[in-house]
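As structure tokens, the structure follows; a few thoughts come after it.
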Amino acid sequence: MRASQRARGEDVALVDALLSADERRRSSGVRFDELRAEQKSLGKLIGRATGDEKSELLKRAEQLKADVKAADAERDAADTETQELLLKLSNLVHPDVPVGGEEDFVTLETHGTVRDFSAEGFEPKDHLELGQLLGAIDVERGAKVSGSRFYFLTGVGALLELALVNAAMAQATAAGFTPMLTPALVRPQSMAGTGFLGQAAQDVYHLDKDDLYLVGTSEVALAAYHMDEILEAGKLPLRYAGFSPCFRREAGSHGKDTRGIFRVHQFDKVEMFSYVAPEESQEEHRRLLEWEKQWLTSLELPFRVIDVASGDLGSSAARKYDCEAWIPTQGKYRELTSTSDCTEFQSRRLQIRMREDKKVRPLATLNGTLCAVPRTIVAILENHQQPDGSVRVPEVLRPYLGGREILEPVAK
């Protein structure tokens, strides 16, 4: 665990503080049990004693009462400290994860062909210019109504979102996922249990008056869906595809991706979520990645798959793969989907277990983005644009757009 914390660039001393608190919890618990046992024995002796002996025993009983109370308080304090420190500790990093920061990822695969626009004889427009030509994106009124990093999808832009969501849900359902529409507001225990009140807390919107949190992903609601439950092993894997709005404060992103809809405070997303036996989690992780690759391939997007480095993992992830699509006007790959193996980290915190042959134990949870709508729209508009500002519709989306093959400009 110390090595894992070090690889993440997180506080190694936290491990020793946790061990110390746990030792105090154990020792104070033993002392409490010993004192309580003596207290019970003394009660029997007092009942049979007389005279001076009874007076001495009563004095001892008073002292024991105070000692038991103090030991109980010490045990509770040590238990509280242990639990608080546990919640600060990130998941154990998988040994095969590349060690380092954001730029130390390893590229595993590259798919598709990056278009050579200069060979085609025109300069590509960025997604915002295209979105305005198509009457699809309105960031000016988004800012007027709600502030920076908000937007309207209008006309064909709104239809494109609905097409993406329906096509993504169709793929997930065909793969055996149960479609879910999930709450966007959750209780603190749901947010903390999934690991989003640690390093990610600064990105979370909190409603103080109601003590509820706006989710940054339906992963939170899907993970907490079986909170405090025991699931039968024979029913695993359980796979859910959740659709929800997502809210992110984007703290620390000042000046990054300020143009258009690549990095925004509110967006919609289709998320895959799996409950499996722990020994199945790595294989399930590869399956989730394959479903993401299938989706991006169906959208005819050039993309690469990276093994995310240890210092760039979320606190709940033991390992994470990102699929990054090529964004022509940025001249680089940008994250479109990610999938994380959270092993037993979330299930332990949320008290979700599996029963197998009368044995009960924690299970593993995994999540994977299928379609984060705004970034996917960015990639589609830029990669499938034509010289006149029109955009070719990938075949997989055409049935959800009334058979439309081309998105035509409405404004010149």
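Lettering and numbering for the structure tokens are positional, with chains as A, B, ... in the shown order, residues counted from 1 in each chain, and ligands counted from 1 in the shown order.
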Closest atom pairs, residues of region 312-378 of chain A within 12 Å of region 200-212 of chain A, only C-alpha atoms, as JSON lines:
```
{"residue": "A:Asp312", "atom": "CA", "partner": "A:Ala200", "partner_atom": "CA", "distance": 11.9}
{"residue": "A:Leu313", "atom": "CA", "partner": "A:Ala200", "partner_atom": "CA", "distance": 11.0}
{"residue": "A:Gly314", "atom": "CA", "partner": "A:Ala200", "partner_atom": "CA", "distance": 7.8}
{"residue": "A:Ser315", "atom": "CA", "partner": "A:Ala200", "partner_atom": "CA", "distance": 8.1}
{"residue": "A:Ser316", "atom": "CA", "partner": "A:Ala200", "partner_atom": "CA", "distance": 10.4}
```
All strand (DSSP E or B) residues (DSSP, backbone) inside region 137-183 of chain A, as an MDAnalysis selection string: chainID A and resid 137:138 152:153 178:181
For Ala73 (chain A): contacts at 10 Å, only C-alpha atoms, fewer than 5 positions along chain excluded, given as a list in words: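 In the requested format, the answer is Ser28, Phe32, Asp67, Val68, Ala78 and Asp79 of chain A.
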Between CA of Thr343 (chain A) and CA of Ala13 (chain A) - distance in Å to one decimal: 23.3 Å
Please produce, as JSON lines, a per-residue contact table for region 225-322 of chain A versus region 390-407 of chain A (criterion: any atom at most 7 Å away, only C-alpha atoms considered), showing the nearest atom pair and its distance in Å to one decimal, sorted by chain then residue number.
```
{"residue": "A:Ser298", "atom": "CA", "partner": "A:Val396", "partner_atom": "CA", "distance": 6.2}
{"residue": "A:Leu299", "atom": "CA", "partner": "A:Pro394", "partner_atom": "CA", "distance": 5.5}
{"residue": "A:Glu300", "atom": "CA", "partner": "A:Pro394", "partner_atom": "CA", "distance": 6.5}
```
Written selection (all heavy atoms) as a PDB file, in the first residue's frame:
```
ATOM      1  N   SER A 298     -17.613   2.341 -34.612  1.00  0.00           N
ATOM      2  CA  SER A 298     -18.889   2.516 -35.323  1.00  0.00           C
ATOM      3  C   SER A 298     -19.127   3.974 -35.697  1.00  0.00           C
ATOM      4  O   SER A 298     -19.822   4.270 -36.675  1.00  0.00           O
ATOM      5  CB  SER A 298     -20.051   1.991 -34.476  1.00  0.00           C
ATOM      6  OG  SER A 298     -20.374   2.878 -33.412  1.00  0.00           O
ATOM      7  N   LEU A 299     -18.532   4.895 -34.937  1.00  0.00           N
ATOM      8  CA  LEU A 299     -18.642   6.325 -35.246  1.00  0.00           C
ATOM      9  C   LEU A 299     -17.590   6.765 -36.267  1.00  0.00           C
ATOM     10  O   LEU A 299     -17.528   7.947 -36.618  1.00  0.00           O
ATOM     11  CB  LEU A 299     -18.507   7.160 -33.970  1.00  0.00           C
ATOM     12  CG  LEU A 299     -19.620   6.973 -32.927  1.00  0.00           C
ATOM     13  CD1 LEU A 299     -19.308   7.804 -31.672  1.00  0.00           C
ATOM     14  CD2 LEU A 299     -20.981   7.368 -33.494  1.00  0.00           C
ATOM     15  N   GLU A 300     -16.754   5.793 -36.703  1.00  0.00           N
ATOM     16  CA  GLU A 300     -15.739   6.031 -37.740  1.00  0.00           C
ATOM     17  C   GLU A 300     -14.756   7.117 -37.320  1.00  0.00           C
ATOM     18  O   GLU A 300     -14.371   7.985 -38.109  1.00  0.00           O
ATOM     19  CB  GLU A 300     -16.420   6.386 -39.072  1.00  0.00           C
ATOM     20  CG  GLU A 300     -17.421   5.324 -39.545  1.00  0.00           C
ATOM     21  CD  GLU A 300     -18.309   5.809 -40.672  1.00  0.00           C
ATOM     22  OE1 GLU A 300     -17.776   6.432 -41.617  1.00  0.00           O
ATOM     23  OE2 GLU A 300     -19.536   5.580 -40.599  1.00  0.00           O
TER      24      GLU A 300
END
```
Long-range neighbours of Phe177 (chain A) as a VMD selection string, 10 Å cut-off, only C-alpha atoms, 6 positions minimum in chain: chain A and resid 169 to 171 238 to 242 272 to 274
